[in-house]
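Colleague: Pasting a structure here, questions to come.
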Amino acid sequence: MPTSILFVCLGNICRSPSAEGVVRQKAAERGLDLTLDSAGTGDWHIGDPPYGPMQEAAQARGYDLSGLRARQANAADFERFDIVIAMDPQNSADLEAMRPEGGAEMLLFTDLLEEPGTDAVPDPYHTRDFDGALDLVERCAEALLNRLERAEIKA
Ligand code: 4NP
């Protein structure tokens with residue numbers, strides 16, 4: 001069965017859909033079979049497509065996020081996915097509060113970098129730095145796939 005990974009941020013309209021789209025494309029390029037999804041800890045944007053400026057920045061790099069729709073993370077996600085990856089420590093704390101005993105492993109996306117240097121993908125909805133967020137998401141995506149290929153992360 002393919003490894004299944006859920007990416008989680010706050011709104012599910014900027015960082016986590018970008019992570020899903022970037023990892024999907026890079027995994028396909030490497031021939032890796034992964035089941036991917038994303039969700040938000042908040043409920044404000046349920047049913048919305050990724051934020052326009054985020055989609056445009058991603059499209060400029062060849063990532064099409066237009067088909068994604070926001071949803072809220074829930075306790076069942078910890079049974080459905082092998083790995084849950086949070087974009088920042090607040091997302092991580094919010095997820096931990098809903099995580100059932102024995103549920104999926106939870107990781108911070110930036111912790112996958114060889115030299116993290118930061119504990120968060122900054123929220124571009126507030127910083128407006130969509131390209132900076134994508135730069136970091138791309139680095140974390142490569143690091144995730146490297147670790148999966150080297151079996152440093154097991155599902
Ligand atoms: P995201 O960014 O967590 O990367 O999707 C945000 C988008 C919307 C809001 C917060 C963060 N909001 O408060 O509506």
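Identifiers in the structure tokens: chain A, B, ... in order shown; residue index from 1 per chain; ligand index from 1 in order shown.
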Pull the closest atom pair for each residue of chain A that gets at most 12 Å from ligand 1, along with the distance in Å to one decimal, counting only C-alpha atoms and all ligand atoms, ordering rows by chain and then ascending residue number, as CSV.

Modeller:
residue,atom,partner,partner_atom_place_in_ligand_line,distance
A:Phe7,CA,ligand 1,4 (O),10.6
A:Val8,CA,ligand 1,3 (O),7.9
A:Cys9,CA,ligand 1,3 (O),4.4
A:Leu10,CA,ligand 1,3 (O),3.4
A:Gly11,CA,ligand 1,5 (O),3.6
A:Asn12,CA,ligand 1,5 (O),4.0
A:Ile13,CA,ligand 1,5 (O),3.8
A:Cys14,CA,ligand 1,4 (O),3.8
A:Arg15,CA,ligand 1,4 (O),3.8
A:Ser16,CA,ligand 1,4 (O),6.1
A:Pro17,CA,ligand 1,5 (O),7.6
A:Ser18,CA,ligand 1,4 (O),8.5
A:Ala19,CA,ligand 1,4 (O),9.8
A:Glu20,CA,ligand 1,4 (O),11.9
A:Ser38,CA,ligand 1,5 (O),10.0
A:Ala39,CA,ligand 1,5 (O),8.8
A:Gly40,CA,ligand 1,3 (O),6.6
A:Thr41,CA,ligand 1,3 (O),8.2
A:Gly42,CA,ligand 1,13 (O),7.9
A:Asp43,CA,ligand 1,14 (O),8.8
A:Trp44,CA,ligand 1,14 (O),6.1
A:His45,CA,ligand 1,14 (O),6.9
A:Ile46,CA,ligand 1,14 (O),10.5
A:Asp48,CA,ligand 1,5 (O),10.6
A:Pro49,CA,ligand 1,5 (O),10.4
A:Pro50,CA,ligand 1,5 (O),7.7
A:Tyr51,CA,ligand 1,7 (C),7.6
A:Gly52,CA,ligand 1,7 (C),11.1
A:Pro53,CA,ligand 1,7 (C),11.3
A:Met54,CA,ligand 1,4 (O),9.1
A:Gln55,CA,ligand 1,5 (O),11.5
A:Arg69,CA,ligand 1,5 (O),11.2
A:Ala70,CA,ligand 1,5 (O),8.7
A:Arg71,CA,ligand 1,5 (O),10.6
A:Gln72,CA,ligand 1,5 (O),11.0
A:Ala86,CA,ligand 1,3 (O),10.1
A:Met87,CA,ligand 1,4 (O),7.9
A:Asp88,CA,ligand 1,3 (O),9.2
A:Pro89,CA,ligand 1,3 (O),12.0
A:Gln90,CA,ligand 1,3 (O),10.4
A:Asn91,CA,ligand 1,3 (O),8.6
A:Ala120,CA,ligand 1,4 (O),10.8
A:Val121,CA,ligand 1,4 (O),8.4
A:Pro122,CA,ligand 1,4 (O),7.9
A:Asp123,CA,ligand 1,4 (O),5.0
A:Pro124,CA,ligand 1,2 (O),6.3
A:Tyr125,CA,ligand 1,2 (O),4.8
A:His126,CA,ligand 1,11 (C),7.0
A:Thr127,CA,ligand 1,2 (O),9.6
A:Arg128,CA,ligand 1,2 (O),10.0
A:Asp129,CA,ligand 1,4 (O),11.1
A:Phe130,CA,ligand 1,4 (O),9.7
A:Ala133,CA,ligand 1,4 (O),9.0
A:Leu134,CA,ligand 1,4 (O),10.8
A:Val137,CA,ligand 1,4 (O),11.1

Colleague: Mind pulling up the distance from CA of Leu6 (chain A) to CA of Ile83 (chain A)?

Modeller: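 Going from CA of Ile83 (chain A) over to CA of Leu6 (chain A) covers 6.4 Å.
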
Colleague: Of the candidates A:Leu95, A:Ala143, A:Leu34, A:Ala58, which shows the shortest atom-to-atom distance to Ala76 (chain A), using only C-alpha atoms?

Modeller: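 Among the listed residues, A:Leu95 lies closest to Ala76 (chain A).
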
Colleague: As a ChimeraX atom specification, please: all residues of chain A that backbone DSSP puts in alpha helix (DSSP H).

Modeller: /A:15-30,52-60,77-80,89-98,124-127,130-149

Colleague: Apply DSSP to the backbone of this structure and, from chain A, keep only the residues in strand (DSSP E); write these as a list in words.

Modeller: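 Those residues are Thr3, Ser4, Ile5, Leu6, Phe7, Val8, Cys9, Leu34, Thr35, Leu36, Asp37, Ser38, Ala39, Gly40, Ile83, Val84, Ile85, Ala86, Glu105, Met106, Leu107 and Leu108 of chain A.
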
Colleague: Please indicate the distance in Å from CA of Leu136 (chain A) to CA of Gly21 (chain A), rounded to one decimal place.

Modeller: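 Going from CA of Leu136 (chain A) over to CA of Gly21 (chain A) covers 13.6 Å.
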
Colleague: Would you kindly return, as a ChimeraX atom specification, each protein, DNA or RNA residue with an atom no farther than 10 Å from any atom of Arg30 (chain A), considering only C-alpha atoms and excluding same-chain residues fewer than 5 positions away?

Modeller: /A:25,145-146,149

Colleague: List as a ChimeraX atom specification the protein and nucleic acid residues near Asp77 (chain A), meaning an atom at most 9 Å away when only C-alpha atoms are counted, but skip any in the same chain fewer than 2 places from it.

Modeller: /A:6,73-75,79-81,84,99,103-104

Colleague: Quote the spacing between CA of Glu105 (chain A) and CA of Arg139 (chain A) in Å to one decimal place.

Modeller: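 Answer for the CA of Glu105 (chain A) to CA of Arg139 (chain A) separation: 20.9 Å.
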